[in-house]
file coords_20.cif (mmCIF, C-alpha atoms)
data_final
#
loop_
_atom_site.label_atom_id
_atom_site.label_comp_id
_atom_site.auth_asym_id
_atom_site.auth_seq_id
_atom_site.Cartn_x
_atom_site.Cartn_y
_atom_site.Cartn_z
CA MET A 556 56.07 -7.77 23.90
CA GLU A 557 52.58 -9.04 24.54
CA LYS A 558 51.33 -5.45 24.75
CA PHE A 559 53.02 -4.64 21.45
CA LEU A 560 51.37 -7.62 19.78
CA TYR A 561 47.96 -6.57 21.05
CA ARG A 562 48.55 -3.07 19.66
CA CYS A 563 49.55 -4.57 16.30
CA LEU A 564 46.44 -6.73 16.29
CA TRP A 565 44.22 -3.76 17.16
CA LEU A 566 45.79 -1.67 14.38
CA PHE A 567 45.27 -4.55 11.97
CA VAL A 568 41.59 -4.81 12.93
CA LEU A 569 41.09 -1.05 12.54
CA GLY A 570 42.89 -1.06 9.20
CA ALA A 571 40.85 -3.98 7.92
CA ALA A 572 37.63 -2.30 9.03
CA SER A 573 38.54 0.93 7.27
CA LEU A 574 39.57 -0.93 4.13
CA SER A 575 36.35 -2.96 4.09
CA GLY A 576 34.39 0.27 4.52
CA ALA A 577 36.10 1.81 1.52
CA HIS A 578 35.53 -1.40 -0.40
CA ALA A 579 31.81 -1.39 0.38
CA GLU A 580 31.47 2.12 -1.01
CA ASP A 581 33.33 1.30 -4.20
CA VAL A 582 31.96 -2.17 -4.85
CA ILE A 583 30.77 -2.86 -8.38
CA ASN A 584 27.98 -5.37 -8.70
CA PRO A 585 29.24 -8.14 -11.00
CA ALA A 586 27.31 -8.87 -14.17
CA PRO A 587 25.24 -12.05 -13.78
CA THR A 588 26.72 -15.11 -15.40
CA LEU A 589 25.09 -18.15 -16.97
CA LYS A 590 25.88 -19.96 -13.72
CA ASP A 591 23.98 -17.29 -11.77
CA TRP A 592 20.91 -17.67 -13.97
CA GLN A 593 21.13 -21.46 -13.75
CA ALA A 594 21.33 -21.20 -9.95
CA LEU A 595 17.94 -19.48 -9.99
CA ALA A 596 16.37 -22.69 -11.24
CA ARG A 597 17.41 -24.36 -7.99
CA GLN A 598 15.62 -21.75 -5.88
CA PRO A 599 12.02 -22.37 -4.84
CA ASP A 600 9.80 -20.57 -7.33
CA PHE A 601 8.12 -17.67 -5.56
CA SER A 602 7.72 -15.66 -8.77
CA GLY A 603 4.42 -14.29 -9.98
CA VAL A 604 1.43 -12.33 -8.79
CA TRP A 605 0.20 -12.92 -5.25
CA THR A 606 -3.12 -11.83 -3.74
CA PRO A 607 -3.38 -11.50 0.05
CA LYS A 608 -5.72 -13.38 2.37
CA VAL A 609 -7.49 -10.24 3.55
CA SER A 610 -9.96 -12.11 5.75
CA ASP A 611 -7.06 -13.49 7.80
CA GLN A 612 -5.54 -10.00 8.14
CA VAL A 613 -8.85 -8.88 9.63
CA ALA A 614 -9.24 -11.97 11.85
CA GLN A 615 -5.76 -11.53 13.34
CA GLU A 616 -6.68 -8.06 14.60
CA HIS A 617 -8.49 -9.98 17.33
CA THR A 618 -6.81 -13.39 17.44
CA ASN A 619 -3.20 -12.22 17.28
CA PRO A 620 -2.83 -8.52 18.08
CA PRO A 621 0.68 -7.09 18.55
CA PRO A 622 1.89 -7.02 22.17
CA TRP A 623 1.58 -3.24 22.40
CA ARG A 624 3.27 -1.39 25.23
CA PRO A 625 0.64 -0.03 27.65
CA GLU A 626 1.08 3.57 26.50
CA ILE A 627 0.80 2.47 22.84
CA ALA A 628 -2.20 0.26 23.62
CA LYS A 629 -4.04 3.40 24.76
CA GLN A 630 -3.45 4.99 21.35
CA VAL A 631 -4.61 1.80 19.65
CA GLN A 632 -7.77 1.61 21.77
CA LYS A 633 -8.61 5.17 20.78
CA MET A 634 -8.14 4.27 17.12
CA TYR A 635 -10.55 1.36 17.44
CA ALA A 636 -13.05 3.64 19.20
CA ASP A 637 -12.65 6.27 16.47
CA GLU A 638 -13.11 3.62 13.78
CA GLU A 639 -16.28 2.36 15.48
CA ALA A 640 -17.56 5.92 15.69
CA GLY A 641 -17.05 6.39 11.95
CA HIS A 642 -14.04 8.67 11.89
CA PRO A 643 -11.13 6.26 11.40
CA PHE A 644 -7.55 7.34 12.03
CA PRO A 645 -5.98 8.12 8.63
CA VAL A 646 -3.05 5.67 8.66
CA PHE A 647 -2.44 5.83 4.90
CA ASP A 648 -4.25 9.03 3.89
CA HIS A 649 -0.99 10.71 2.93
CA CYS A 650 -0.47 8.47 -0.11
CA PHE A 651 3.03 7.54 1.02
CA PRO A 652 3.95 3.88 0.53
CA HIS A 653 2.64 1.61 3.26
CA GLY A 654 6.28 0.76 4.04
CA MET A 655 7.47 -2.19 6.07
CA PRO A 656 6.02 -4.17 7.68
CA SER A 657 2.58 -2.85 6.64
CA PHE A 658 3.39 -3.73 3.01
CA MET A 659 3.15 -7.39 4.01
CA LEU A 660 0.59 -7.03 6.82
CA VAL A 661 -2.43 -5.08 5.62
CA THR A 662 -2.40 -4.65 1.86
CA HIS A 663 -5.66 -5.44 0.04
CA ASN A 664 -3.90 -5.41 -3.30
CA ALA A 665 -1.71 -7.88 -5.15
CA PHE A 666 2.07 -7.76 -5.37
CA GLU A 667 4.37 -9.26 -7.97
CA LEU A 668 7.52 -11.09 -6.96
CA LEU A 669 10.54 -11.28 -9.29
CA GLN A 670 13.57 -13.53 -8.78
CA THR A 671 16.76 -12.48 -10.53
CA PRO A 672 20.42 -13.21 -9.79
CA GLY A 673 21.31 -11.77 -6.40
CA ARG A 674 17.94 -10.21 -5.84
CA VAL A 675 14.31 -10.80 -4.98
CA THR A 676 12.02 -7.89 -5.82
CA LEU A 677 8.47 -7.23 -4.72
CA LEU A 678 6.44 -4.76 -6.76
CA GLY A 679 3.35 -3.38 -5.10
CA GLU A 680 0.20 -2.19 -6.76
CA VAL A 681 -1.49 0.52 -4.76
CA ASP A 682 -0.25 3.76 -3.19
CA GLY A 683 2.44 4.14 -5.84
CA ASN A 684 6.16 3.44 -5.83
CA ARG A 685 5.91 0.34 -3.72
CA LEU A 686 9.14 -1.52 -4.13
CA ARG A 687 10.87 -4.01 -1.87
CA ARG A 688 14.39 -5.00 -2.85
CA ILE A 689 15.78 -8.02 -1.04
CA HIS A 690 19.46 -8.53 -1.74
CA THR A 691 20.41 -12.20 -1.95
CA ASP A 692 23.92 -11.64 -3.35
CA GLY A 693 25.69 -12.39 -0.10
CA ARG A 694 26.18 -8.82 1.02
CA SER A 695 25.82 -7.74 4.65
CA HIS A 696 23.76 -4.85 5.93
CA SER A 697 25.31 -1.44 5.27
CA ALA A 698 27.14 0.12 8.18
CA ASP A 699 24.76 3.09 8.26
CA PRO A 700 21.93 2.57 5.76
CA ASP A 701 19.73 5.49 4.78
CA PRO A 702 16.29 4.94 6.35
CA SER A 703 13.53 4.27 3.82
CA PHE A 704 9.89 3.18 3.84
CA HIS A 705 10.83 -0.40 3.04
CA GLY A 706 14.16 -0.47 4.84
CA GLU A 707 17.25 -2.39 3.87
CA SER A 708 16.49 -6.07 3.31
CA ILE A 709 19.12 -8.79 3.10
CA GLY A 710 18.01 -12.31 2.25
CA HIS A 711 19.37 -15.80 1.92
CA PHE A 712 17.85 -19.17 1.16
CA GLU A 713 17.75 -21.89 3.78
CA LYS A 714 16.60 -24.92 1.82
CA ASP A 715 13.22 -23.82 0.42
CA THR A 716 12.79 -20.79 2.65
CA LEU A 717 13.88 -17.25 1.94
CA VAL A 718 15.03 -15.66 5.18
CA ILE A 719 14.88 -11.87 5.08
CA ASP A 720 16.41 -9.47 7.58
CA THR A 721 15.17 -5.88 7.39
CA ILE A 722 16.48 -2.82 9.21
CA ALA A 723 16.59 0.95 8.57
CA VAL A 724 12.86 1.49 8.16
CA LEU A 725 11.86 5.15 8.47
CA PRO A 726 10.58 5.83 12.01
CA GLN A 727 7.43 7.36 10.49
CA ALA A 728 6.48 4.08 8.75
CA TYR A 729 3.50 2.53 10.49
CA LEU A 730 3.23 -0.81 12.16
CA ALA A 731 -0.39 -1.16 11.04
CA VAL A 732 -2.92 -3.90 11.65
CA SER A 733 -5.54 -2.28 9.42
CA GLU A 734 -6.10 0.86 7.36
CA ALA A 735 -7.51 2.49 10.49
CA VAL A 736 -5.17 1.20 13.21
CA GLY A 737 -1.41 1.66 13.16
CA VAL A 738 1.39 3.41 15.03
CA PRO A 739 4.67 4.79 13.64
CA ASN A 740 7.46 2.36 14.50
CA ASN A 741 9.48 5.29 15.91
CA GLY A 742 12.83 3.75 14.96
CA ASP A 743 15.08 0.79 15.75
CA MET A 744 12.65 -1.72 14.27
CA HIS A 745 14.00 -5.07 13.11
CA ILE A 746 12.02 -7.51 11.00
CA VAL A 747 12.91 -11.12 10.24
CA GLU A 748 10.78 -12.97 7.70
CA HIS A 749 10.67 -16.58 6.58
CA LEU A 750 9.02 -16.76 3.17
CA HIS A 751 8.02 -20.25 2.08
CA LEU A 752 5.46 -22.16 0.04
CA THR A 753 2.82 -24.10 1.94
CA GLY A 754 1.27 -25.41 -1.28
CA PRO A 755 2.06 -25.17 -4.99
CA ASP A 756 0.53 -21.69 -5.17
CA THR A 757 0.22 -20.64 -1.54
CA LEU A 758 2.90 -18.50 0.07
CA ALA A 759 3.38 -17.90 3.79
CA ASP A 760 5.38 -15.03 5.24
CA ASP A 761 6.28 -15.72 8.87
CA LEU A 762 7.21 -12.34 10.32
CA GLU A 763 8.94 -11.60 13.59
CA ILE A 764 8.79 -7.89 14.28
CA THR A 765 10.97 -6.40 17.00
CA ALA A 766 9.92 -2.82 17.69
CA ASN A 767 10.97 -2.04 21.21
CA LYS A 768 9.42 1.42 21.19
CA LEU A 769 5.98 -0.06 20.51
CA LEU A 770 5.98 -3.66 21.67
CA THR A 771 6.76 -5.46 24.93
CA LYS A 772 8.23 -8.41 23.02
CA PRO A 773 8.74 -9.44 19.38
CA TRP A 774 5.47 -9.99 17.56
CA ARG A 775 5.11 -13.07 15.39
CA THR A 776 2.49 -13.25 12.70
CA THR A 777 2.01 -15.12 9.44
CA ARG A 778 0.50 -13.62 6.32
CA ILE A 779 -0.86 -15.76 3.48
CA TYR A 780 -0.87 -15.02 -0.25
CA PHE A 781 -2.26 -16.88 -3.25
CA ARG A 782 -0.55 -17.10 -6.64
CA GLN A 783 -2.57 -16.01 -9.66
CA ARG A 784 -1.63 -16.94 -13.20
CA ALA A 785 -4.63 -15.48 -15.03
CA ARG A 786 -3.61 -12.42 -16.97
CA LYS A 787 -6.33 -10.26 -15.47
CA TYR A 788 -4.52 -10.67 -12.14
CA GLU A 789 -1.35 -8.99 -13.40
CA ILE A 790 -0.67 -5.96 -11.23
CA VAL A 791 -1.66 -2.58 -12.59
CA GLU A 792 -0.08 0.83 -12.16
CA GLY A 793 -1.33 2.33 -8.93
CA VAL A 794 -0.59 5.99 -8.39
CA CYS A 795 -2.29 6.97 -5.16
CA GLN A 796 -2.49 10.69 -5.88
CA THR A 797 -4.67 10.14 -8.93
CA GLY A 798 -7.49 9.37 -6.50
CA GLN A 799 -7.57 13.07 -5.70
CA PHE A 800 -8.36 13.98 -9.31
CA THR A 801 -10.75 13.18 -12.10
CA ASP A 802 -10.35 13.42 -15.88
CA ALA A 803 -11.09 16.81 -17.40
CA VAL A 804 -10.31 18.99 -20.42
CA ASP A 805 -9.02 22.52 -19.94
CA GLU A 806 -9.90 25.66 -21.90
CA ASN A 807 -7.19 24.80 -24.46
CA GLY A 808 -8.58 21.36 -25.09
CA ASN A 809 -5.78 19.63 -23.16
CA SER A 810 -6.47 16.49 -21.17
CA ILE A 811 -5.82 17.26 -17.53
CA PHE A 812 -6.39 15.93 -14.05
CA ALA A 813 -8.85 18.18 -12.21
CA PRO A 814 -8.97 18.02 -8.40
CA VAL A 815 -12.11 16.67 -6.79
CA LYS A 816 -13.63 18.00 -3.59
CA PHE A 817 -12.98 16.12 -0.38
CA LYS A 818 -14.61 16.30 3.02
CA ASN A 819 -13.15 14.47 6.01
CA GLY A 820 -10.93 12.49 3.67
CA VAL A 821 -13.59 11.21 1.27
CA PRO A 822 -14.61 12.51 -2.17
CA VAL A 823 -17.86 14.47 -2.13
CA GLY A 824 -17.76 16.56 -5.31
CA SER A 825 -16.36 16.01 -8.78
CA ASP A 826 -15.59 19.70 -9.12
CA SER A 827 -13.37 21.27 -6.47
CA LYS A 828 -14.60 24.76 -7.32
CA MET B 1495 27.65 30.11 0.61
CA LYS B 1496 25.52 30.21 -2.48
CA SER B 1497 22.42 32.28 -2.03
CA PHE B 1498 19.09 30.92 -3.20
CA SER B 1499 17.77 32.49 -6.37
CA ALA B 1500 14.32 34.05 -6.57
CA PRO B 1501 12.97 31.36 -8.94
CA TRP B 1502 14.12 28.69 -6.52
CA ILE B 1503 12.30 30.37 -3.65
CA VAL B 1504 9.18 30.80 -5.76
CA CYS B 1505 9.30 27.16 -6.86
CA SER B 1506 9.79 26.00 -3.28
CA GLY B 1507 6.86 28.11 -2.17
CA LEU B 1508 4.75 26.68 -4.95
CA TRP B 1509 5.71 23.16 -3.98
CA VAL B 1510 4.88 23.76 -0.31
CA GLY B 1511 1.61 25.33 -1.39
CA MET B 1512 0.75 22.36 -3.60
CA THR B 1513 1.56 20.00 -0.75
CA LEU B 1514 -0.68 21.89 1.62
CA MET B 1515 -3.43 21.96 -0.98
CA ALA B 1516 -3.12 18.23 -1.55
CA TRP B 1517 -3.20 17.28 2.11
CA PRO B 1518 -6.92 17.69 2.84
CA ALA B 1519 -7.72 15.77 -0.33
CA ALA B 1520 -6.35 12.62 1.21
CA ALA B 1521 -7.16 9.54 -0.76
CA HIS B 1522 -6.42 6.23 0.91
CA HIS B 1523 -8.62 5.72 3.93
CA SER B 1524 -10.53 3.10 5.85
CA PHE B 1525 -14.13 2.49 4.75
CA ALA B 1526 -15.20 2.82 8.38
CA VAL B 1527 -16.24 6.35 7.43
CA TYR B 1528 -19.32 4.77 5.92
CA GLU B 1529 -22.20 3.13 7.77
CA LYS B 1530 -21.23 -0.44 6.94
CA ASN B 1531 -24.44 -1.99 8.29
CA LYS B 1532 -26.69 0.26 6.25
CA VAL B 1533 -27.25 -0.21 2.54
CA VAL B 1534 -28.93 2.45 0.44
CA THR B 1535 -30.18 1.97 -3.12
CA LEU B 1536 -30.38 4.87 -5.56
CA LYS B 1537 -31.01 5.24 -9.26
CA GLY B 1538 -29.34 7.90 -11.32
CA THR B 1539 -27.27 8.92 -14.32
CA VAL B 1540 -23.51 8.47 -14.34
CA LYS B 1541 -21.72 11.80 -14.55
CA THR B 1542 -18.17 10.42 -14.43
CA PHE B 1543 -16.61 7.03 -13.75
CA GLN B 1544 -13.30 7.90 -12.11
CA TRP B 1545 -10.98 4.88 -12.56
CA THR B 1546 -8.23 5.85 -10.11
CA ASN B 1547 -6.14 4.50 -7.27
CA PRO B 1548 -6.45 3.82 -4.48
CA HIS B 1549 -10.23 4.14 -4.86
CA VAL B 1550 -12.46 4.22 -7.90
CA VAL B 1551 -15.24 6.81 -7.69
CA LEU B 1552 -18.61 6.74 -9.45
CA TRP B 1553 -20.02 10.26 -9.68
CA LEU B 1554 -23.78 9.91 -9.95
CA LEU B 1555 -26.47 12.50 -10.69
CA VAL B 1556 -29.67 11.71 -8.82
CA GLN B 1557 -32.99 13.44 -9.33
CA PRO B 1558 -34.34 14.50 -5.91
CA ALA B 1559 -37.75 13.08 -5.04
CA GLY B 1560 -39.22 16.55 -4.65
CA GLY B 1561 -37.94 17.76 -8.02
CA GLY B 1562 -35.31 20.37 -8.78
CA GLU B 1563 -31.77 20.09 -10.11
CA PRO B 1564 -30.08 16.65 -10.07
CA GLU B 1565 -27.83 16.20 -7.06
CA GLU B 1566 -24.32 14.77 -7.29
CA TRP B 1567 -23.31 11.74 -5.22
CA GLY B 1568 -19.69 10.56 -4.87
CA LEU B 1569 -19.63 6.78 -4.45
CA GLU B 1570 -16.24 5.21 -4.00
CA THR B 1571 -15.09 1.66 -3.99
CA THR B 1572 -11.88 -0.37 -4.06
CA SER B 1573 -9.01 0.02 -6.55
CA PRO B 1574 -8.77 -0.69 -10.29
CA GLY B 1575 -6.52 -3.70 -9.64
CA VAL B 1576 -8.96 -5.36 -7.25
CA LEU B 1577 -12.00 -4.47 -9.41
CA THR B 1578 -10.35 -5.81 -12.57
CA ARG B 1579 -10.10 -9.18 -10.86
CA SER B 1580 -13.84 -9.00 -10.16
CA GLY B 1581 -14.58 -8.48 -13.84
CA TRP B 1582 -14.78 -4.69 -13.98
CA THR B 1583 -12.95 -2.61 -16.59
CA ARG B 1584 -12.50 1.13 -16.92
CA ASN B 1585 -15.19 0.95 -19.61
CA SER B 1586 -17.71 -1.05 -17.58
CA ILE B 1587 -19.57 2.13 -16.77
CA LYS B 1588 -19.79 5.20 -18.96
CA ALA B 1589 -20.96 8.76 -18.51
CA GLY B 1590 -24.66 8.91 -19.30
CA ASP B 1591 -25.38 5.31 -18.23
CA GLN B 1592 -28.54 4.81 -16.19
CA VAL B 1593 -27.66 2.76 -13.13
CA SER B 1594 -28.95 1.49 -9.83
CA VAL B 1595 -26.35 1.51 -7.07
CA GLU B 1596 -26.08 -0.05 -3.63
CA PHE B 1597 -23.85 1.67 -1.11
CA SER B 1598 -23.15 2.34 2.55
CA PRO B 1599 -23.83 6.04 3.12
CA LEU B 1600 -21.73 8.66 4.87
CA ARG B 1601 -22.88 9.08 8.43
CA ASP B 1602 -23.36 12.84 8.31
CA GLY B 1603 -25.81 12.81 5.40
CA THR B 1604 -23.34 14.22 2.87
CA HIS B 1605 -23.98 12.82 -0.60
CA GLY B 1606 -21.32 10.12 -0.57
CA GLY B 1607 -20.94 6.46 0.15
CA GLY B 1608 -18.97 3.26 -0.08
CA LEU B 1609 -20.16 1.54 -3.25
CA SER B 1610 -20.88 -2.19 -3.14
CA SER B 1611 -22.66 -2.80 -6.45
CA VAL B 1612 -23.75 -1.15 -9.68
CA THR B 1613 -26.51 -2.47 -11.94
CA LEU B 1614 -26.60 -1.17 -15.51
CA LEU B 1615 -30.30 -0.60 -16.15
CA ALA B 1616 -29.97 -0.96 -19.92
CA THR B 1617 -28.62 -4.52 -19.74
CA GLY B 1618 -29.34 -5.66 -16.19
CA GLU B 1619 -25.62 -6.44 -15.70
CA LYS B 1620 -24.63 -6.23 -12.04
CA LEU B 1621 -21.07 -5.38 -11.01
CA THR B 1622 -20.07 -6.08 -7.43
CA ALA B 1623 -17.01 -4.98 -5.48
CA SER B 1624 -15.14 -6.95 -2.86
CA PHE B 1625 -11.84 -6.38 -1.10
CA ALA B 1626 -11.35 -10.07 -0.49
CA GLY B 1627 -11.87 -11.47 -3.96
CA GLY B 1628 -8.52 -13.23 -4.34
CA GLU B 1629 -8.42 -15.70 -1.48
CA LYS B 1630 -7.77 -18.80 -3.57
CA PRO B 1631 -4.86 -19.62 -5.88
CA GLY B 1632 -5.26 -19.95 -9.62
CA LEU B 1633 -8.42 -17.91 -10.00
CA LYS B 1634 -9.80 -17.49 -13.53
#
call {"tool": "encode", "arguments": {"input": "coords_20.cif", "output": "structure tokens"}}
result
Amino acid sequence: MEKFLYRCLWLFVLGAASLSGAHAEDVINPAPTLKDWQALARQPDFSGVWTPKVSDQVAQEHTNPPPWRPEIAKQVQKMYADEEAGHPFPVFDHCFPHGMPSFMLVTHNAFELLQTPGRVTLLGEVDGNRLRRIHTDGRSHSADPDPSFHGESIGHFEKDTLVIDTIAVLPQAYLAVSEAVGVPNNGDMHIVEHLHLTGPDTLADDLEITANKLLTKPWRTTRIYFRQRARKYEIVEGVCQTGQFTDAVDENGNSIFAPVKFKNGVPVGSDSK
Amino acid sequence: MKSFSAPWIVCSGLWVGMTLMAWPAAAHHSFAVYEKNKVVTLKGTVKTFQWTNPHVVLWLLVQPAGGGEPEEWGLETTSPGVLTRSGWTRNSIKAGDQVSVEFSPLRDGTHGGGLSSVTLLATGEKLTASFAGGEKPGLK
């Protein structure tokens, strides 16, 4: 009898799991209600344009480097040597998004944060198509999320802190400490962030990055951002590929982008011909 | 199994070709390519002010000391977003403007550099570029 009950329980668990899987695929996001919008007013206000503390990014390269595995540390040392010699490793030359966690770690540009019901969204400025979506609607991580540059982020508020759990970052996305030093995370990276205000217009992101293929232990670092209200600080469109072109007019009088000439990754001629 | 049509194959080839063409023209890089501890000053005429991400480029025509045709220099700096916050606009510099520039040169002598400032000779206005211009809240 006991065996039979265990079998029943097991079947029930399997059935529930399969039903919840089907439910997750078919779920319809509910339209936000007045109550949802009112609930936003009780969240800490992280909204607006934030500029990074670049000097601290640079300082932490030396004061708080990631605990690289020995074989990774060799790659990193070579990158520093190459940078010193004037031929830096091209971490972001491809114009792909920085991805996570580099989006938070090494950007020189501003980002804009939006708070809406069930969601916190970060819009980046440079390198095009930078978009972090942090779901705060109570959902769990997907069973098998598609890897992406920014991964799948699930967040919840603990008092005045937004806690964000990110998985499913593309293995090719760099764990970078600068634009010249970074290593692909190579998969299975897990990032936990605690986003909180340390002043009326100062935001801290405490990151704990677990990347077992690169690091001997989780790496903890804090990144600082400053809120800007002046309109000239609003983020602008930033399409990275346009940096490979300059304005021109073709033989038909049409406005076009004409490629510029590059050498070793830098522009050296306004006419590629 | 559906076979791929000729146009599809041609389009794919074109796309691959475009990708390969684009690759060497990489855009977003560290400024360690330039000699950061060396600053060069040059005067010239603006050919084009390229207001693009991730780096803005000032294309400058410089008359060589020994005479001859003006030589083109490609001087790049940070992005439109960062420069806007430092008071630049896409119209700050125009083709034909006479300017004096300060920059860190490429190490191999190629006519390029990392631009740190531009002075418009007609007005004396000096525009400077900094990556770390937003390290306080509530800037004006």
call {"tool": "residues_around", "arguments": {"input": "coords_20.cif", "residues": "region 1563-1571 of chain B", "least_positions_apart": "3", "cutoff": "6 Å", "atoms": "only C-alpha atoms", "output": "PyMOL selection string"}}
result
(chain A and resi 823) or (chain B and resi 1549-1557+1605-1609)
call {"tool": "write_last_selection", "arguments": {"input": "coords_20.cif", "atoms": "C-alpha atoms", "output": "CSV table (one decimal), keeping the file's coordinate frame"}}
result
chain,number,residue,atom,x,y,z
A,823,VAL,CA,-17.9,14.5,-2.1
B,1549,HIS,CA,-10.2,4.1,-4.9
B,1550,VAL,CA,-12.5,4.2,-7.9
B,1551,VAL,CA,-15.2,6.8,-7.7
B,1552,LEU,CA,-18.6,6.7,-9.4
B,1553,TRP,CA,-20.0,10.3,-9.7
B,1554,LEU,CA,-23.8,9.9,-10.0
B,1555,LEU,CA,-26.5,12.5,-10.7
B,1556,VAL,CA,-29.7,11.7,-8.8
B,1557,GLN,CA,-33.0,13.4,-9.3
B,1605,HIS,CA,-24.0,12.8,-0.6
B,1606,GLY,CA,-21.3,10.1,-0.6
B,1607,GLY,CA,-20.9,6.5,0.2
B,1608,GLY,CA,-19.0,3.3,-0.1
B,1609,LEU,CA,-20.2,1.5,-3.2
call {"tool": "resolve_selection", "arguments": {"input": "coords_20.cif", "expression": "the PyMOL selection byres ((chain B and resi 1599) around 9)", "output": "ChimeraX atom specification"}}
result
/B:1527-1530,1532-1534,1569,1597-1598,1600-1609
call {"tool": "write_last_selection", "arguments": {"input": "coords_20.cif", "atoms": "C-alpha atoms", "output": "CSV table (one decimal), in the coordinates of the input"}}
result
chain,number,residue,atom,x,y,z
B,1527,VAL,CA,-16.2,6.4,7.4
B,1528,TYR,CA,-19.3,4.8,5.9
B,1529,GLU,CA,-22.2,3.1,7.8
B,1530,LYS,CA,-21.2,-0.4,6.9
B,1532,LYS,CA,-26.7,0.3,6.2
B,1533,VAL,CA,-27.2,-0.2,2.5
B,1534,VAL,CA,-28.9,2.4,0.4
B,1569,LEU,CA,-19.6,6.8,-4.4
B,1597,PHE,CA,-23.8,1.7,-1.1
B,1598,SER,CA,-23.2,2.3,2.6
B,1600,LEU,CA,-21.7,8.7,4.9
B,1601,ARG,CA,-22.9,9.1,8.4
B,1602,ASP,CA,-23.4,12.8,8.3
B,1603,GLY,CA,-25.8,12.8,5.4
B,1604,THR,CA,-23.3,14.2,2.9
B,1605,HIS,CA,-24.0,12.8,-0.6
B,1606,GLY,CA,-21.3,10.1,-0.6
B,1607,GLY,CA,-20.9,6.5,0.2
B,1608,GLY,CA,-19.0,3.3,-0.1
B,1609,LEU,CA,-20.2,1.5,-3.2
call {"tool": "residues_around", "arguments": {"input": "coords_20.cif", "residues": "Arg782 (chain A)", "least_positions_apart": "5", "cutoff": "6 Å", "atoms": "all atoms listed in the file", "output": "ChimeraX atom specification"}}
result
/A:604-605,756 /B:1631
call {"tool": "closest_atom_pairs", "arguments": {"input": "coords_20.cif", "of": "chain A", "to": "chain B", "cutoff": "8 Å", "atoms": "all atoms listed in the file", "output": "Markdown table"}}
result
| residue | atom | partner | partner_atom | distance |
| --- | --- | --- | --- | --- |
| A:Thr606 | CA | B:Gly1628 | CA | 5.6 |
| A:Pro607 | CA | B:Glu1629 | CA | 6.7 |
| A:Lys608 | CA | B:Glu1629 | CA | 5.2 |
| A:Val609 | CA | B:Ala1626 | CA | 5.6 |
| A:Ser610 | CA | B:Ala1626 | CA | 6.7 |
| A:Glu638 | CA | B:Ala1526 | CA | 5.8 |
| A:Glu639 | CA | B:Ala1526 | CA | 7.2 |
| A:Gly641 | CA | B:Val1527 | CA | 4.6 |
| A:His642 | CA | B:Val1527 | CA | 5.5 |
| A:Pro643 | CA | B:Ala1526 | CA | 6.1 |
| A:Pro645 | CA | B:His1523 | CA | 5.9 |
| A:Val646 | CA | B:His1523 | CA | 7.3 |
| A:Phe647 | CA | B:His1522 | CA | 5.6 |
| A:Asp648 | CA | B:His1522 | CA | 4.6 |
| A:His649 | CA | B:Ala1520 | CA | 5.9 |
| A:Cys650 | CA | B:His1522 | CA | 6.4 |
| A:His663 | CA | B:Phe1625 | CA | 6.4 |
| A:Asn664 | CA | B:Val1576 | CA | 6.4 |
| A:Ala665 | CA | B:Gly1575 | CA | 7.8 |
| A:Glu680 | CA | B:Gly1575 | CA | 7.5 |
| A:Val681 | CA | B:Pro1548 | CA | 6.0 |
| A:Asp682 | CA | B:Pro1548 | CA | 6.3 |
| A:Glu734 | CA | B:Ser1524 | CA | 5.2 |
| A:Ala735 | CA | B:Ser1524 | CA | 5.6 |
| A:Asp756 | CA | B:Pro1631 | CA | 5.8 |
| A:Thr757 | CA | B:Pro1631 | CA | 6.8 |
| A:Tyr780 | CA | B:Glu1629 | CA | 7.7 |
| A:Phe781 | CA | B:Pro1631 | CA | 4.6 |
| A:Arg782 | CA | B:Pro1631 | CA | 5.1 |
| A:Gln783 | CA | B:Gly1632 | CA | 4.8 |
| A:Arg784 | CA | B:Gly1632 | CA | 5.9 |
| A:Ala785 | CA | B:Lys1634 | CA | 5.7 |
| A:Lys787 | CA | B:Arg1579 | CA | 6.1 |
| A:Tyr788 | CA | B:Arg1579 | CA | 5.9 |
| A:Ile790 | CA | B:Gly1575 | CA | 6.5 |
| A:Val791 | CA | B:Gly1575 | CA | 5.8 |
| A:Gly793 | CA | B:Asn1547 | CA | 5.5 |
| A:Val794 | CA | B:Asn1547 | CA | 5.9 |
| A:Cys795 | CA | B:Asn1547 | CA | 5.0 |
| A:Gln796 | CA | B:Ala1521 | CA | 7.0 |
| A:Thr797 | CA | B:Thr1546 | CA | 5.7 |
| A:Gly798 | CA | B:Thr1546 | CA | 5.1 |
| A:Gln799 | CA | B:Ala1519 | CA | 6.0 |
| A:Thr801 | CA | B:Gln1544 | CA | 5.9 |
| A:Asp802 | CA | B:Gln1544 | CA | 7.3 |
| A:Val815 | CA | B:Ala1519 | CA | 7.9 |
| A:Lys816 | CA | B:Ala1519 | CA | 7.1 |
| A:Phe817 | CA | B:Ala1519 | CA | 5.3 |
| A:Lys818 | CA | B:Ala1519 | CA | 7.7 |
| A:Asn819 | CA | B:Pro1518 | CA | 7.7 |
| A:Gly820 | CA | B:Ala1520 | CA | 5.2 |
| A:Val821 | CA | B:Ala1521 | CA | 6.9 |
| A:Pro822 | CA | B:Gly1568 | CA | 6.1 |
| A:Val823 | CA | B:Gly1568 | CA | 5.1 |
| A:Gly824 | CA | B:Gly1568 | CA | 6.3 |
| A:Ser825 | CA | B:Trp1553 | CA | 6.9 |
call {"tool": "residues_around", "arguments": {"input": "coords_20.cif", "residues": "Leu1621 (chain B)", "least_positions_apart": "2", "cutoff": "9 Å", "atoms": "all atoms listed in the file", "output": "ChimeraX atom specification"}}
result
/B:1580-1582,1586,1610-1614,1619,1623
